[in-house]
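The next block holds one structure in the form of structure tokens; read it before the comments.
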Amino acid sequence: MVHIGEEIRKELHRQERTISWFARKLFCDRSNVYDIFKRKSIDTALLMRISNILEYDFFSYYTDSLKEKKSES
């Protein structure tokens, strides 16, 4: 199972974006961003906002997993 918060943190780092930048885009405090990084799961509406902000499809972690399970059956 994917740890989505960790994947978001990695993508933010890959894009060389700061925590402050990300917090401003999400309209929240930096502490909320660190909380997101700790999450193993996340609300889909928030994940959509994050995907749009970072221009990255975080939903693919879940859909790819479903495809793998389907091909194993």
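Chain labels A, B, ... are given in the sequence in which chains occur in the structure tokens; within each chain residues are numbered consecutively from 1, and ligands are likewise numbered from 1 in the order shown.
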If we count only C-alpha atoms, what is near Asp35 (chain A) at a cut-off of 12 Å, once residues fewer than 6 positions away on the same chain are taken out, given as a compact mmCIF listing (two decimals) with N, CA and C atoms, in the first residue's frame?
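The file below, around37.txt, is the result:
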# COMPACT_ATOMS: atom_id res chain seq x y z
N ILE A 4 0.76 7.83 0.79
CA ILE A 4 0.54 8.97 -0.09
C ILE A 4 1.22 10.25 0.40
N GLY A 5 1.26 10.44 1.69
CA GLY A 5 1.93 11.63 2.23
C GLY A 5 3.40 11.66 1.88
N GLU A 6 4.02 10.50 1.95
CA GLU A 6 5.44 10.40 1.59
C GLU A 6 5.64 10.67 0.10
N ILE A 8 3.77 12.58 -1.78
CA ILE A 8 3.58 14.02 -1.97
C ILE A 8 4.85 14.76 -1.57
N ARG A 9 5.44 14.38 -0.43
CA ARG A 9 6.69 15.00 0.03
C ARG A 9 7.80 14.82 -0.99
N ILE A 19 8.26 24.19 1.47
CA ILE A 19 7.09 23.92 2.30
C ILE A 19 6.22 25.18 2.37
N ALA A 23 2.35 25.46 1.26
CA ALA A 23 1.35 25.88 2.25
C ALA A 23 0.54 27.07 1.72
N CYS A 28 -2.96 27.08 3.79
CA CYS A 28 -2.87 26.51 5.13
C CYS A 28 -1.52 26.86 5.74
N ASP A 29 -1.31 26.44 6.97
CA ASP A 29 -0.05 26.66 7.67
C ASP A 29 0.95 25.57 7.30
N SER A 41 -3.23 7.84 4.18
CA SER A 41 -4.37 8.00 3.28
C SER A 41 -4.80 9.46 3.33
N ILE A 42 -5.61 9.87 2.34
CA ILE A 42 -5.96 11.28 2.23
C ILE A 42 -7.33 11.41 1.56
Test item: residues at most 9 Å from region 44-48 of chain A, only C-alpha atoms, excluding those fewer than 2 positions along its chain, as a PyMOL selection string: chain A and resi 42+50-53+57-59
Export of prior selection with N, CA and C atoms as a PDB file, in the first residue's frame:
ATOM      1  N   ILE A  42      -5.614   9.867   2.343  1.00  0.00           N
ATOM      2  CA  ILE A  42      -5.965  11.278   2.232  1.00  0.00           C
ATOM      3  C   ILE A  42      -7.328  11.409   1.565  1.00  0.00           C
ATOM      4  N   ILE A  50      -4.051  18.955  -4.363  1.00  0.00           N
ATOM      5  CA  ILE A  50      -2.597  18.771  -4.352  1.00  0.00           C
ATOM      6  C   ILE A  50      -2.104  18.374  -5.738  1.00  0.00           C
ATOM      7  N   SER A  51      -2.830  17.480  -6.394  1.00  0.00           N
ATOM      8  CA  SER A  51      -2.462  17.054  -7.748  1.00  0.00           C
ATOM      9  C   SER A  51      -2.450  18.245  -8.703  1.00  0.00           C
ATOM     10  N   ASN A  52      -3.439  19.118  -8.586  1.00  0.00           N
ATOM     11  CA  ASN A  52      -3.493  20.305  -9.436  1.00  0.00           C
ATOM     12  C   ASN A  52      -2.359  21.277  -9.133  1.00  0.00           C
ATOM     13  N   ILE A  53      -2.088  21.494  -7.862  1.00  0.00           N
ATOM     14  CA  ILE A  53      -1.026  22.422  -7.466  1.00  0.00           C
ATOM     15  C   ILE A  53       0.331  21.945  -7.973  1.00  0.00           C
ATOM     16  N   ASP A  57      -0.246  13.515 -11.101  1.00  0.00           N
ATOM     17  CA  ASP A  57      -1.393  12.634 -10.866  1.00  0.00           C
ATOM     18  C   ASP A  57      -1.105  11.660  -9.726  1.00  0.00           C
ATOM     19  N   PHE A  58      -1.424  12.068  -8.500  1.00  0.00           N
ATOM     20  CA  PHE A  58      -1.214  11.192  -7.354  1.00  0.00           C
ATOM     21  C   PHE A  58      -2.213  10.047  -7.322  1.00  0.00           C
ATOM     22  N   PHE A  59      -3.309  10.179  -8.040  1.00  0.00           N
ATOM     23  CA  PHE A  59      -4.294   9.107  -8.106  1.00  0.00           C
ATOM     24  C   PHE A  59      -3.732   7.880  -8.825  1.00  0.00           C
TER      25      PHE A  59
END
Closest of A:Glu68, A:Thr63, A:Tyr34, A:Met1 to Ser20 (chain A) - atom-to-atom distances counting only C-alpha atoms: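 Nearest candidate to Ser20 (chain A) out of A:Glu68, A:Thr63, A:Tyr34, A:Met1: A:Tyr34.
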query: Just how far from CA of Ser60 (chain A) is CA of Arg30 (chain A), in Å to one decimal?
result: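 Computed distance, CA of Arg30 (chain A) to CA of Ser60 (chain A), equals 25.7 Å.
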- request: Please measure the separation of CA of Glu16 (chain A) and CA of Tyr62 (chain A), giving the value in Å to one decimal.
  value: 24.4 Å
- line: Correct to one decimal, the distance CA of Arg14 (chain A)-CA of Glu55 (chain A) is 12.3 Å
- request: Using only C-alpha atoms, find the one residue out of A:His13, A:Arg49, A:His3, A:Lys69 that sits nearest to Leu26 (chain A).
  value: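 The closest residue to Leu26 (chain A) is A:Arg49.
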Taking only region 19-61 of chain A into account, list the residues labelled helix (DSSP H, G or I) by DSSP (computed from the backbone), as a compact mmCIF listing (two decimals) with C-alpha atoms, in the first residue's frame.
# COMPACT_ATOMS: atom_id res chain seq x y z
CA ILE A 19 7.09 23.92 2.30
CA SER A 20 6.12 27.60 2.54
CA TRP A 21 5.25 27.76 -1.16
CA PHE A 22 3.12 24.62 -0.88
CA ALA A 23 1.35 25.88 2.25
CA ARG A 24 0.49 29.16 0.51
CA LYS A 25 -0.92 27.28 -2.49
CA LEU A 26 -3.03 25.10 -0.17
CA ARG A 30 3.27 24.88 7.27
CA SER A 31 2.31 22.59 10.16
CA ASN A 32 -0.64 21.32 8.09
CA VAL A 33 1.74 20.45 5.26
CA TYR A 34 3.89 18.39 7.62
CA ASP A 35 0.69 16.67 8.78
CA ILE A 36 -0.14 15.80 5.16
CA PHE A 37 3.30 14.22 4.76
CA LYS A 38 2.54 11.87 7.68
CA THR A 44 -9.89 12.67 -2.43
CA ALA A 45 -10.84 16.36 -2.65
CA LEU A 46 -7.58 17.34 -0.95
CA LEU A 47 -5.63 14.93 -3.13
CA MET A 48 -7.18 16.54 -6.20
CA ARG A 49 -6.14 20.01 -5.00
CA ILE A 50 -2.60 18.77 -4.35
CA SER A 51 -2.46 17.05 -7.75
CA ASN A 52 -3.49 20.30 -9.44
CA ILE A 53 -1.03 22.42 -7.47
CA LEU A 54 1.91 20.11 -8.18
CA SER A 60 -2.14 6.97 -10.39
CA TYR A 61 -0.64 5.28 -7.33
